[in-house]
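Enquirer: Quick one: the structure is below, and I'll ask about it shortly.
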Amino acid sequence: MQFPKLDKKSLTDGIRIPQMVRVRQKYPDVDLADPVGTLCEQLRAMDAATVAGLKGKRIGITAGSRGLPYYKEILKALCDQLKAWGAEPFVFPAMGSHAGATAEGQKAHLAQFGVCEDYLGVPVLSTMEVVTVDTLDDGFPVYCDKNAYEADGIILFNKIKPHTHFKYQHESGLLKMICIGVGKHMGAATFHAWGYDEFGPNMERVSRAFLDKVNVVFSVGMVQSPTDNISHLEIIPTDRFFERDAALQALAKEEMPRLKLPRIDVLIIDEVGKEISGAGMDPNVTGRTERFSQEAGFRAIAPDIEKIVLLDITEKAHGNATGCGVADIISYRFANKIDFASTYTNIITAKSFRMGAMPLYGNSDEDAIKMAIAHAFLRDTDSAKIVRIRNTLMLEEIECSVGCLDEIAKHTDIEVISEPYDWEFNEAGDLW
């Protein structure tokens, strides 16, 4: 489908985009110097009984859909150590309905991160078949990937971060990897059907049932730093599963990157994608979420943002535009990259229809930005507070309009690192 360019020049007549400056937001330096070495050190310190019990055993390792620094390198180190112990590891996609909810799509999704058989030296077994391992008293089914269930044990491998739709002591992390990832499309669809208001407690009870029926040898939990590196990596024994997931969740909330300005008239986001956030762009940064009942919790930790403009979908998202529905305007480029089949599969599974609604689109980047400025309830558009970020993971260096300078001067953890300049648009009216 090709969307046309529209004759609507009067909507942006007289609108000028103010000059911009480059800005650095300062965060504490908590990055691990060597995440792969950290994993290997902890693996070498594991108790002898656990190591001895792995010899000759088939062990499945979860691989999720989110981007992660050193993703393939950490997985390879884990696979290499398991093989050195005499185990027979394999990796399996654990990502619910992502990548079109097909076995082929999910395996291809991992390959774009370099997570493939040639690199890892172990099989990558992808199926959408599941086994029902238990049914709770109220009829809630507990699913497991068929290949993983037939193995001698599994290792849960996932980053731990705040969720995009609800707040609880357990959010996106190891519990969600069990319920949504290992449960595949069936698990994701079933889980979302029960709603977000009880999402956290439901994850707890489903995970407890799962751990009673499936041998989880240990887990690997990771937290990303504000500079999009890894700040914490921990091998978690199963008897401390819930305790450590909650502790790392609290740490992730404390360390998560934020936009430090309290008020933004127009936020411009260069790219959104499922590997950046389950919601395409992180509601913990934007304050926008699909669930009206949960939105107050997200707005409390985000700036007051009047209009959001999206310019592009990442290549790794393959047209999945989940999240665009809570933005206000998208670019012409964005509109014509949307893969509606992939997007709808994802949002229907998650029962998040608002996330897939298509906003207004501009005829170019410039037109979309000017539309946002024109309709951001500004008495003086020349002093508009405009912020541009690459994505909601990368918030260390951003762009701000000169209208933000007075506010920036109040913050010791924000510094201006350039002189004012004008954006240069190409012949199509785009920034690139």
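All residue names refer to the structure tokens as shown: chains lettered A, B, ... in order, residues numbered from 1 in each chain, ligands numbered from 1 in order.
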For segment 121-133 of chain A, find every residue with an atom within 8 Å (counting only C-alpha atoms), except residues of its own chain fewer than 4 positions away, and show them as a PDB file with C-alpha atoms, in the first residue's frame.
Expert:
```pdb
ATOM      1  CA  LYS A  76      27.776 -17.854  22.697  1.00  0.00           C
ATOM      2  CA  CYS A  79      26.636 -22.144  24.982  1.00  0.00           C
ATOM      3  CA  PRO A  89      22.657 -26.869  24.480  1.00  0.00           C
ATOM      4  CA  PHE A  90      20.299 -25.385  21.928  1.00  0.00           C
ATOM      5  CA  VAL A  91      18.711 -21.950  21.641  1.00  0.00           C
ATOM      6  CA  PHE A  92      15.023 -21.383  21.001  1.00  0.00           C
ATOM      7  CA  PRO A  93      13.078 -18.171  20.221  1.00  0.00           C
ATOM      8  CA  ALA A 101       4.095 -15.378  15.119  1.00  0.00           C
ATOM      9  CA  THR A 102       5.737 -17.918  12.803  1.00  0.00           C
ATOM     10  CA  ALA A 103       8.600 -20.309  13.475  1.00  0.00           C
ATOM     11  CA  GLU A 104      10.494 -19.091  10.409  1.00  0.00           C
ATOM     12  CA  GLN A 106      11.152 -15.831  14.815  1.00  0.00           C
ATOM     13  CA  LYS A 107      14.301 -17.674  13.779  1.00  0.00           C
ATOM     14  CA  CYS A 116      22.261 -18.105  14.595  1.00  0.00           C
ATOM     15  CA  GLU A 117      23.607 -21.634  14.419  1.00  0.00           C
ATOM     16  CA  PRO A 141      -3.326 -22.659  31.201  1.00  0.00           C
ATOM     17  CA  VAL A 142       0.455 -22.783  31.536  1.00  0.00           C
ATOM     18  CA  TYR A 143       2.307 -23.376  28.265  1.00  0.00           C
ATOM     19  CA  CYS A 144       5.837 -24.312  27.266  1.00  0.00           C
ATOM     20  CA  ASP A 145       7.624 -24.356  23.918  1.00  0.00           C
ATOM     21  CA  LYS A 146       7.539 -27.995  22.740  1.00  0.00           C
ATOM     22  CA  ASN A 147      11.271 -28.241  22.050  1.00  0.00           C
ATOM     23  CA  TYR A 149       9.618 -29.053  27.242  1.00  0.00           C
ATOM     24  CA  GLY A 183       4.585 -19.830  26.154  1.00  0.00           C
ATOM     25  CA  LYS A 184       4.907 -18.662  22.527  1.00  0.00           C
ATOM     26  CA  HIS A 185       1.884 -17.244  20.666  1.00  0.00           C
ATOM     27  CA  MET A 186      -0.574 -19.375  22.648  1.00  0.00           C
ATOM     28  CA  PHE A 210       5.813 -23.509  35.508  1.00  0.00           C
ATOM     29  CA  LYS A 213       6.676 -28.650  36.251  1.00  0.00           C
ATOM     30  CA  VAL A 214       9.718 -27.630  34.185  1.00  0.00           C
TER      31      VAL A 214
END
```
Enquirer: Step one, run DSSP on the backbone; step two, keep only residues of segment 18-201 of chain A assigned to alpha helix (DSSP H); then write them as number ranges by chain.
Expert: A: 35-44, 48-52, 71-84, 103-111, 117-120, 146-149, 174-176, 184-193, 199-201
Enquirer: Could you check the closest approach to Pro262 of chain A for each of A:Ala317, A:Val285, A:Ile235, A:Ala374 and tell me which residue wins, using only C-alpha atoms?
Expert: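 Closest residue, counting only C-alpha atoms: A:Val285.
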Enquirer: When you count only C-alpha atoms, which of these residues is closest to Leu120 of chain A: A:Tyr71, A:Ala99, A:Thr164, A:Ala252?
Expert: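 Of A:Tyr71, A:Ala99, A:Thr164, A:Ala252, the one nearest Leu120 of chain A, counting only C-alpha atoms, is A:Tyr71.
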Enquirer: If you run DSSP on the backbone here, which positions in segment 151-380 of chain A get strand (DSSP E)? Please write them as a PyMOL selection string.
Expert: chain A and resi 153-159+216-224+230-236+263-269+304-310+329-330+360-361
